[in-house]
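Q: Below is the structure I would like to discuss, written out as C-alpha cells.
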Amino acid sequence: MSTTTPARDLAPVVASRLAAEPHLFIDGERREARSGRTRPVLDPGTGEPIATTACAGAADVDDAVAAAARAFDPASEWRRMTPLERGRVLTRIGEAIYARADSFAELEVLDAGKVRGAARAIDVEFAARTFLYYGGWPSKIQGTTVPVSHPGIHVRTEREPVGVAGAITAWNFPLLLCAWKMAPALAAGCPVVFKPSEETPLSALWLAELAVEAGLPPGVLNVVPGYGDEAGQALVAHAGVRKLSFTGSTAVGRRIARDASDLLKRVTLELGGKSANIIFGDADLDAAVAGSAGGIFWHSGQTCSAPSRLFVQRDIHDEVVDKLLAEAAALSIGHGLDAGVDFGPLVNERQVERVRGYVDRAATDGAKVHQAGELPTGGGFFYPPTVIAGATDDMECAREEIFGPVVVVLPFDDAEEAARRANASDYGLAAGLWTGSVATEHAMTRALRAGTVYVNGWGLTDPAAPFGGFAQSGYGRDLGPDSLDGYLETKSVWTFHG
Ligand code: NAD
C-alpha cells in the first residue's frame with residue numbers, strides 16, 4: 001500500500017499509480033509477488049517514500065517466462081498477428097505515451113529524480129518516438145534469395161524471432177530504457193520479460209498495462225520489478241529466455257555475460273562510460289562550454305554517455321574552467337516538479353556518498369575541486385555541480401565512472417595527443433569534439449574509439465541511430481536496425497527441384 005503522499009499537486013492518474021497496491025505485471029494482469037515481498041519507492045527530491053513496489057523472486061520470474069512462452073506458441077494470438085497489425089500495436093503504444101506525456105514526466109520526476117521539462121522533452125518524447133519508429137519495422141523485416149551455385153536448387157533466408165527476450169535496466173532512464181528494450185523486441189516478434197531497476201519500477205509497470213490496452217495480447221509483455229541478485233539473476237539463468245538485453249554497470253554486465261554463456265544466450269550489453277569531450281582552441285567557445293556543461297550536468301551527471309573527461313586546448317583551459325563554473329552557478333537546484341528548477345537530485349543516498357567519495361579522493365590526490373550552486377535544504381539526495389581541475393589522466397577521478405555531476409578538466413596541446421589520451425580509457429561509449437576545422441573533425445572522428453562521436457554538440461539520441469559502446473562499454477547495439485538483429489534468427493531454406 002502506498003505510504004507518504006508528496007505535498008505537491010499531482011495529476012490524478014499519477015496519484016493513483018502511486019497509491020496502487022504493490023504488484024508485478026504478468027500474463028496481462030497485476031499480481032503480488034509470490035513471496036509477498038515489497039520495497040518502498042523513494043522520491044529522490046525529498047528522500048520520502050511515495051509508493052511501494054512488489055519484489056519479484058525466482059518463482060515470479062518463472063511465471064513471467066511461462067506466460068511469455070505461451071504467448072510465443074505458434075498458434076497464439078501474437079504469433080498469428082500480421083506484421084502490419086504488430087506494427088499498429090507498437091504505434092498505438094507510442095501514441096498512448098504521447099497522450100499521457102505530462103503524467104509520465106511527473107512520474108519519472110518522482111521516481112528517478114528528474115526535472116519536469118527534461119523528463120517531458122527527452123525521456124517521454126523519445127520513449128514515444130522509439131515505439132513509433134519500431135512500429136514501422138515489422139512489415140520490413142525480410143529475408144533474401146541466395147545465389148547458390150547448385151543448379152535446380154533454390155535457397156532463401158527467412159528471419160524469425162529468437163523467442164522470449166529478457167531485459168534488465170538501470171535506474172537513470174526508466175521509461176526510455178524500457179522503450180529501447182521493448183520496442184525492437186516486440187517489432188521482431190519476441191515476447192518480453194522486463195526487469196526494471198529496483199529503484200525505479202513505476203513507469204514500466206504503467207506502460208505494460210497501456211500496451212495491453214493498445215492491443216498487445218496478455219503474456220507478450222511482463223514486468224517483474226525486483227532486486228538484481230534475485231529477479232535479475234533468475235532471468236539471466238532461466239532456460240526459457242533466449243536473448244538478454246542489459247543496460248547497467250560494467251561490473252554487472254560482465255557477470256551477466258558469464259552467467260548467460262552457460263545457455264549460449266544472445267546478450268546485448270549497454271554499460272558504463274567515461275566519455276572524452278575535446279574542446280579545440282578554434283571552437284565556438286560559448287557554444288562548446290554551454291554544450292559541455294549541459295552534457296555533464298543534465299540529469300545531475302547520471303547519464304551513461306556523460307562527457308566527464310573534458311580535454312581543453314591549453315591556451316583556453318583557464319577560460320573554459322571559469323565559464324564552466326559560471327554555467328554551474330547559474331543552475332537552479334531543487335525538486336524537479338518545482339518551477340524553474342533545472343538541476344535535480346541523485347537517485348539515492350548511496351549514490352550521493354559514492355560521488356562525494358570520488359570528489360574527496362580527487363582533492364586528496366592533489367586536484368583542485370570547484371563547486372557551485374546552492375543546494376536546497378530539507379531532504380533529498382542532492383550533490384552540487386563540480387568541476388575538477390589540475391588532475392592527471394592516471395588519477396581515479398579521471399579514469400573511473402563517477403555517475404554524478406562531476407567533470408574533470410584536462411589540458412592538451414595538439415590533436416594527436418588529445419586523441420591518444422581520449423582513447424586511453426577502459427571505456428568507449430561516447431566521445432565528442434568542438435572545433436571550427438573540417439580537417440580536425442575528419443581526423444578526430446576517425447581516431448576516436450567510441451560507439452557514438454558527437455561533433456559540435458552533445459547527447460542527442462534518435463531511435464534510428466544505433467547506440468552502444470566499444471570495449472568495456474559493452475557490445476551489441478540498442479536502437480536502429482542493429483537492435484532488431486539481436487532479436488532475430490536467420491534460417492536458410494533449401495528447396496530441391498528434382
Ligand atoms: P547496475 O549495474 O547496478 O544495475 C542495473 C540493473 O541490473 C538493475 O536492474 C539491477 O537490479 C540489475 N542487476 C544487478 N545485479 C544483477 C545481477 N547479478 N544479475 C542480473 N541483474 C542484476 O547499474 P545502475 O547503478 O542501476 O545504473 C548505472 C550504470 O548503468 C552506470 O554504469 C551507467 O553508465 C550504466 N548505464 C548505461 C547505459 C548505456 O546505454 N550504455 C544507459 C544507462 C545507464
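Chain identifiers are assigned as A, B, and so on, following the order in which chains appear in the C-alpha cells; residues are numbered from 1 within each chain, and ligands are numbered from 1 in order of appearance.
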Please, which residues in chain A fall within 7 Å of ligand 1 when counting only C-alpha atoms and all ligand atoms, and what is the closest atom pair and distance in Å to one decimal for each, ordered by chain then residue number, as a tab-separated table?

A:
```
residue	atom	partner	partner_atom_place_in_ligand_line	distance
A:Ile168	CA	ligand 1	9 (O)	5.1
A:Thr169	CA	ligand 1	9 (O)	4.5
A:Ala170	CA	ligand 1	26 (O)	3.5
A:Trp171	CA	ligand 1	26 (O)	4.8
A:Asn172	CA	ligand 1	43 (C)	5.9
A:Phe173	CA	ligand 1	43 (C)	6.6
A:Lys195	CA	ligand 1	9 (O)	6.2
A:Pro196	CA	ligand 1	9 (O)	5.1
A:Ser197	CA	ligand 1	9 (O)	3.4
A:Glu198	CA	ligand 1	11 (O)	5.6
A:Gly226	CA	ligand 1	11 (O)	6.7
A:Tyr227	CA	ligand 1	11 (O)	4.7
A:Gly228	CA	ligand 1	11 (O)	3.3
A:Asp229	CA	ligand 1	18 (N)	4.6
A:Gly232	CA	ligand 1	20 (C)	3.6
A:Gln233	CA	ligand 1	19 (N)	4.0
A:Val236	CA	ligand 1	20 (C)	6.2
A:Thr247	CA	ligand 1	37 (C)	5.1
A:Gly248	CA	ligand 1	30 (O)	3.1
A:Ser249	CA	ligand 1	32 (O)	3.4
A:Thr250	CA	ligand 1	32 (O)	6.0
A:Ala251	CA	ligand 1	2 (O)	6.6
A:Val252	CA	ligand 1	2 (O)	4.7
A:Gly253	CA	ligand 1	2 (O)	6.6
A:Arg255	CA	ligand 1	18 (N)	6.5
A:Ile256	CA	ligand 1	19 (N)	5.9
A:Glu270	CA	ligand 1	41 (N)	3.6
A:Leu271	CA	ligand 1	41 (N)	4.0
A:Gly272	CA	ligand 1	34 (O)	3.2
A:Gly273	CA	ligand 1	34 (O)	5.4
A:Thr303	CA	ligand 1	43 (C)	6.0
A:Cys304	CA	ligand 1	34 (O)	3.5
A:Ser305	CA	ligand 1	34 (O)	6.9
A:Glu401	CA	ligand 1	32 (O)	6.9
A:Phe403	CA	ligand 1	31 (C)	6.6
A:Leu429	CA	ligand 1	41 (N)	6.7
A:Gly468	CA	ligand 1	41 (N)	5.9
A:Gly469	CA	ligand 1	41 (N)	6.6
A:Ser473	CA	ligand 1	41 (N)	6.3
```

Q: Write to file, as a short mmCIF file (atom, residue, chain, number, x, y, z; two decimals), in the first residue's frame, the residues of the selection just made, with N, CA, C and O atoms.

A:
```
data_model
loop_
_atom_site.label_atom_id
_atom_site.label_comp_id
_atom_site.auth_asym_id
_atom_site.auth_seq_id
_atom_site.Cartn_x
_atom_site.Cartn_y
_atom_site.Cartn_z
N ILE A 168 16.93 -6.15 -18.70
CA ILE A 168 17.24 -5.67 -17.34
C ILE A 168 17.84 -4.28 -17.51
O ILE A 168 18.75 -4.09 -18.32
N THR A 169 17.34 -3.31 -16.74
CA THR A 169 17.81 -1.93 -16.99
C THR A 169 18.20 -1.19 -15.71
O THR A 169 17.86 -1.59 -14.59
N ALA A 170 18.90 -0.08 -15.93
CA ALA A 170 19.37 0.81 -14.87
C ALA A 170 18.27 1.80 -14.47
O ALA A 170 17.23 1.88 -15.13
N TRP A 171 18.56 2.59 -13.42
CA TRP A 171 17.54 3.49 -12.90
C TRP A 171 17.56 4.87 -13.53
O TRP A 171 16.71 5.70 -13.24
N ASN A 172 18.54 5.17 -14.38
CA ASN A 172 18.67 6.58 -14.76
C ASN A 172 17.67 7.03 -15.83
O ASN A 172 17.35 8.22 -15.89
N PHE A 173 17.20 6.10 -16.68
CA PHE A 173 16.17 6.46 -17.68
C PHE A 173 15.09 5.38 -17.67
O PHE A 173 14.99 4.59 -18.62
N LYS A 195 12.81 -6.58 -16.46
CA LYS A 195 13.08 -6.27 -15.05
C LYS A 195 13.65 -4.86 -14.96
O LYS A 195 14.81 -4.61 -15.27
N PRO A 196 12.82 -3.91 -14.50
CA PRO A 196 13.34 -2.55 -14.30
C PRO A 196 14.23 -2.54 -13.08
O PRO A 196 14.25 -3.48 -12.29
N SER A 197 14.96 -1.47 -12.90
CA SER A 197 15.75 -1.31 -11.68
C SER A 197 14.83 -1.33 -10.47
O SER A 197 13.72 -0.79 -10.51
N GLU A 198 15.32 -1.90 -9.38
CA GLU A 198 14.53 -1.91 -8.14
C GLU A 198 14.24 -0.48 -7.67
O GLU A 198 13.27 -0.24 -6.96
N GLY A 226 12.24 -5.95 -9.12
CA GLY A 226 12.86 -6.72 -8.04
C GLY A 226 14.35 -6.47 -8.04
O GLY A 226 14.87 -5.71 -8.86
N TYR A 227 15.02 -7.13 -7.10
CA TYR A 227 16.46 -6.91 -6.94
C TYR A 227 17.26 -7.67 -8.00
O TYR A 227 16.83 -8.71 -8.50
N GLY A 228 18.45 -7.13 -8.29
CA GLY A 228 19.29 -7.73 -9.31
C GLY A 228 19.72 -9.14 -8.96
O GLY A 228 19.73 -10.03 -9.81
N ASP A 229 20.09 -9.35 -7.67
CA ASP A 229 20.61 -10.68 -7.33
C ASP A 229 19.49 -11.70 -7.11
O ASP A 229 19.77 -12.86 -6.81
N GLY A 232 16.79 -10.42 -11.16
CA GLY A 232 17.72 -10.26 -12.28
C GLY A 232 18.45 -11.56 -12.58
O GLY A 232 18.46 -12.04 -13.72
N GLN A 233 19.03 -12.13 -11.53
CA GLN A 233 19.79 -13.37 -11.74
C GLN A 233 18.89 -14.50 -12.23
O GLN A 233 19.29 -15.32 -13.06
N VAL A 236 18.43 -14.06 -15.90
CA VAL A 236 19.66 -14.39 -16.64
C VAL A 236 19.83 -15.90 -16.74
O VAL A 236 20.23 -16.44 -17.77
N THR A 247 21.14 -3.06 -19.67
CA THR A 247 21.73 -1.73 -19.54
C THR A 247 22.05 -1.52 -18.07
O THR A 247 21.15 -1.60 -17.21
N GLY A 248 23.32 -1.27 -17.79
CA GLY A 248 23.71 -1.04 -16.40
C GLY A 248 25.22 -0.94 -16.30
O GLY A 248 25.91 -0.61 -17.28
N SER A 249 25.73 -1.25 -15.14
CA SER A 249 27.17 -1.05 -14.89
C SER A 249 28.00 -2.13 -15.58
O SER A 249 27.52 -3.24 -15.84
N THR A 250 29.25 -1.82 -15.81
CA THR A 250 30.16 -2.78 -16.44
C THR A 250 30.35 -4.00 -15.54
O THR A 250 30.39 -5.14 -16.03
N ALA A 251 30.42 -3.79 -14.23
CA ALA A 251 30.64 -4.93 -13.32
C ALA A 251 29.50 -5.93 -13.43
O ALA A 251 29.74 -7.15 -13.56
N VAL A 252 28.26 -5.44 -13.41
CA VAL A 252 27.12 -6.37 -13.51
C VAL A 252 27.03 -6.95 -14.92
O VAL A 252 26.74 -8.14 -15.10
N GLY A 253 27.34 -6.14 -15.93
CA GLY A 253 27.31 -6.63 -17.31
C GLY A 253 28.25 -7.81 -17.52
O GLY A 253 27.91 -8.79 -18.18
N ARG A 255 29.24 -9.95 -15.32
CA ARG A 255 28.69 -11.12 -14.64
C ARG A 255 27.56 -11.74 -15.46
O ARG A 255 27.46 -12.96 -15.59
N ILE A 256 26.71 -10.88 -16.02
CA ILE A 256 25.60 -11.38 -16.84
C ILE A 256 26.14 -12.12 -18.06
O ILE A 256 25.64 -13.20 -18.43
N GLU A 270 24.78 -2.79 -22.71
CA GLU A 270 24.97 -1.33 -22.75
C GLU A 270 25.48 -0.92 -21.38
O GLU A 270 24.72 -0.88 -20.42
N LEU A 271 26.77 -0.62 -21.29
CA LEU A 271 27.38 -0.50 -19.96
C LEU A 271 27.86 0.93 -19.68
O LEU A 271 27.38 1.88 -20.27
N GLY A 272 28.81 1.03 -18.80
CA GLY A 272 29.23 2.35 -18.33
C GLY A 272 30.13 3.10 -19.30
O GLY A 272 30.44 2.62 -20.39
N GLY A 273 30.53 4.30 -18.88
CA GLY A 273 31.38 5.11 -19.74
C GLY A 273 32.19 6.12 -18.94
O GLY A 273 31.95 6.34 -17.74
N THR A 303 24.13 10.06 -16.50
CA THR A 303 23.89 9.55 -17.85
C THR A 303 25.11 8.74 -18.25
O THR A 303 26.24 9.11 -17.94
N CYS A 304 24.85 7.63 -18.94
CA CYS A 304 25.96 6.71 -19.26
C CYS A 304 26.98 7.37 -20.16
O CYS A 304 28.17 7.10 -20.06
N SER A 305 26.53 8.26 -21.05
CA SER A 305 27.45 8.88 -22.01
C SER A 305 27.95 10.24 -21.52
O SER A 305 28.51 11.01 -22.30
N GLU A 401 34.17 5.79 -13.78
CA GLU A 401 32.86 6.41 -13.97
C GLU A 401 32.33 6.86 -12.61
O GLU A 401 32.15 6.03 -11.72
N PHE A 403 29.45 8.88 -12.28
CA PHE A 403 27.99 8.86 -12.40
C PHE A 403 27.34 9.91 -11.51
O PHE A 403 26.38 9.66 -10.79
N LEU A 429 32.13 4.50 -24.76
CA LEU A 429 30.71 4.67 -25.06
C LEU A 429 30.48 5.85 -26.01
O LEU A 429 29.91 5.70 -27.08
N GLY A 468 25.54 2.37 -28.57
CA GLY A 468 26.21 1.33 -27.79
C GLY A 468 27.68 1.64 -27.69
O GLY A 468 28.13 2.70 -28.14
N GLY A 469 28.43 0.69 -27.09
CA GLY A 469 29.82 1.04 -26.78
C GLY A 469 30.87 0.13 -27.36
O GLY A 469 30.57 -0.96 -27.84
N SER A 473 32.53 -0.67 -22.46
CA SER A 473 31.18 -0.08 -22.50
C SER A 473 30.16 -1.05 -23.10
O SER A 473 28.98 -0.69 -23.23
#
```

Q: Write out as a ChimeraX atom specification the set of residues from segment 75-317 of chain A that DSSP, computed on the backbone, places in alpha helix (DSSP H).

A: /A:77-80,83-99,101-112,116-118,125-135,174-188,202-213,233-237,250-261,285-297,317

Q: Have a look at A:Ile279, A:Val61, A:Ala367, A:Ile141 and name the one nearest to Thr157 of chain A; count only C-alpha atoms.

A: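 For Thr157 of chain A, the nearest of the given residues is A:Ile141.
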
Q: What is the atom CA of Phe25 of chain A-atom CA of Val13 of chain A distance in Å, reported with one decimal?

A: 17.8 Å

Q: Extract the full set of strand (DSSP E or B) residues from segment 52-229 of chain A according to DSSP on the backbone, and format it as a list in words.

A: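 Those in segment 52-229 of chain A that DSSP calls strand (DSSP E or B) are Thr52, Thr53, Ala54, Thr145, Val146, Ile153, His154, Val155, Arg156, Thr157, Glu158, Arg159, Glu160, Pro161, Ala165, Gly166, Ala167, Ile168, Val192, Val193, Phe194, Lys195, Leu221, Asn222 and Val223 of chain A.
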
Q: Given the selection you just returned, output its residues as a file containing N, CA, C and O atoms, formatted as a compact mmCIF listing (two decimals), in the first residue's frame.

A:
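Written file, out.txt:
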```
# COMPACT_ATOMS: atom_id res chain seq x y z
N THR A 52 4.92 1.88 -2.89
CA THR A 52 5.53 0.60 -2.53
C THR A 52 5.46 -0.31 -3.74
O THR A 52 4.43 -0.38 -4.41
N THR A 53 6.56 -0.97 -4.01
CA THR A 53 6.56 -1.88 -5.17
C THR A 53 6.74 -3.32 -4.72
O THR A 53 7.33 -3.58 -3.67
N ALA A 54 6.20 -4.22 -5.52
CA ALA A 54 6.43 -5.65 -5.27
C ALA A 54 7.84 -6.01 -5.72
O ALA A 54 8.39 -5.39 -6.62
N THR A 145 16.87 -13.86 -51.29
CA THR A 145 17.12 -15.06 -52.09
C THR A 145 18.63 -15.16 -52.25
O THR A 145 19.32 -14.15 -52.40
N VAL A 146 19.11 -16.42 -52.18
CA VAL A 146 20.56 -16.60 -52.08
C VAL A 146 21.08 -17.23 -53.39
O VAL A 146 20.58 -18.28 -53.81
N ILE A 153 18.36 -25.87 -57.48
CA ILE A 153 18.10 -25.71 -56.03
C ILE A 153 17.90 -24.23 -55.74
O ILE A 153 18.68 -23.38 -56.19
N HIS A 154 16.84 -23.92 -55.01
CA HIS A 154 16.59 -22.54 -54.61
C HIS A 154 16.83 -22.39 -53.11
O HIS A 154 16.39 -23.23 -52.33
N VAL A 155 17.50 -21.34 -52.73
CA VAL A 155 17.75 -21.08 -51.31
C VAL A 155 17.28 -19.68 -50.99
O VAL A 155 17.55 -18.73 -51.73
N ARG A 156 16.55 -19.57 -49.90
CA ARG A 156 16.15 -18.24 -49.41
C ARG A 156 16.41 -18.19 -47.91
O ARG A 156 16.53 -19.24 -47.26
N THR A 157 16.54 -16.99 -47.38
CA THR A 157 16.63 -16.87 -45.93
C THR A 157 15.33 -16.28 -45.40
O THR A 157 14.68 -15.47 -46.07
N GLU A 158 14.98 -16.73 -44.21
CA GLU A 158 13.84 -16.15 -43.50
C GLU A 158 14.33 -15.65 -42.16
O GLU A 158 15.27 -16.22 -41.60
N ARG A 159 13.71 -14.61 -41.65
CA ARG A 159 14.12 -14.06 -40.36
C ARG A 159 13.01 -14.29 -39.35
O ARG A 159 11.85 -13.95 -39.58
N GLU A 160 13.38 -14.92 -38.24
CA GLU A 160 12.39 -15.31 -37.24
C GLU A 160 12.77 -14.76 -35.86
O GLU A 160 13.96 -14.67 -35.56
N PRO A 161 11.77 -14.47 -35.04
CA PRO A 161 12.09 -14.02 -33.67
C PRO A 161 12.85 -15.10 -32.90
O PRO A 161 12.56 -16.29 -33.08
N ALA A 165 12.48 -12.85 -24.86
CA ALA A 165 13.60 -11.95 -24.58
C ALA A 165 13.49 -11.45 -23.14
O ALA A 165 12.40 -11.13 -22.67
N GLY A 166 14.63 -11.39 -22.46
CA GLY A 166 14.68 -10.79 -21.12
C GLY A 166 15.40 -9.46 -21.21
O GLY A 166 16.36 -9.32 -21.98
N ALA A 167 14.95 -8.48 -20.44
CA ALA A 167 15.63 -7.19 -20.44
C ALA A 167 15.77 -6.72 -18.99
O ALA A 167 14.86 -6.89 -18.18
N ILE A 168 16.93 -6.15 -18.70
CA ILE A 168 17.24 -5.67 -17.34
C ILE A 168 17.84 -4.28 -17.51
O ILE A 168 18.75 -4.09 -18.32
N VAL A 192 8.41 -10.43 -24.14
CA VAL A 192 9.44 -9.83 -23.29
C VAL A 192 9.13 -10.05 -21.81
O VAL A 192 7.98 -9.92 -21.38
N VAL A 193 10.18 -10.36 -21.05
CA VAL A 193 10.10 -10.27 -19.58
C VAL A 193 11.08 -9.16 -19.20
O VAL A 193 12.28 -9.27 -19.46
N PHE A 194 10.55 -8.12 -18.61
CA PHE A 194 11.33 -6.91 -18.36
C PHE A 194 11.54 -6.71 -16.86
O PHE A 194 10.57 -6.67 -16.11
N LYS A 195 12.81 -6.58 -16.46
CA LYS A 195 13.08 -6.27 -15.05
C LYS A 195 13.65 -4.86 -14.96
O LYS A 195 14.81 -4.61 -15.27
N LEU A 221 4.09 -9.06 -22.86
CA LEU A 221 4.95 -8.13 -22.14
C LEU A 221 4.72 -8.28 -20.64
O LEU A 221 3.61 -8.07 -20.16
N ASN A 222 5.75 -8.69 -19.93
CA ASN A 222 5.64 -8.95 -18.49
C ASN A 222 6.69 -8.12 -17.77
O ASN A 222 7.82 -7.99 -18.25
N VAL A 223 6.31 -7.55 -16.63
CA VAL A 223 7.24 -6.68 -15.90
C VAL A 223 7.41 -7.24 -14.48
O VAL A 223 6.43 -7.42 -13.76
```

Q: Which residues are close to Ala59 of chain A, i.e. within 10 Å by only C-alpha atoms, leaving aside same-chain residues fewer than 6 positions away? Reply as number ranges by chain.

A: A: 33-35, 65, 231, 234

Q: Taking into account only C-alpha atoms, which residue in the set A:Ser292, A:Thr91, A:Asn348, A:Gln302 is nearest to Val387 of chain A?

A: A:Ser292

Q: Return the single residue from A:Glu85, A:Asp43, A:Glu95, A:Glu416 that is closest to Pro345 of chain A, with distances computed using only C-alpha atoms.

A: A:Asp43

Q: Sorted by chain and rising residue number, list the residues of segment 335-379 of chain A at most 9 Å from segment 306-326 of chain A (counting only C-alpha atoms), each with its closest atom pair and distance in Å to one decimal, as a Markdown table.

A:
```
| residue | atom | partner | partner_atom | distance |
| --- | --- | --- | --- | --- |
| A:His370 | CA | A:Leu325 | CA | 7.6 |
| A:Gln371 | CA | A:Leu325 | CA | 7.5 |
| A:Ala372 | CA | A:Leu325 | CA | 6.6 |
```

Q: From the options A:Asp393, A:Asp262, A:Asp63, A:Asp111, which residue's atoms come nearest to Val347 of chain A, counting only C-alpha atoms?

A: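 That would be A:Asp111, the residue with the smallest distance to Val347 of chain A.
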
Q: How many Å separate atom CA of Glu441 of chain A from atom CA of Asn423 of chain A?

A: 15.9 Å
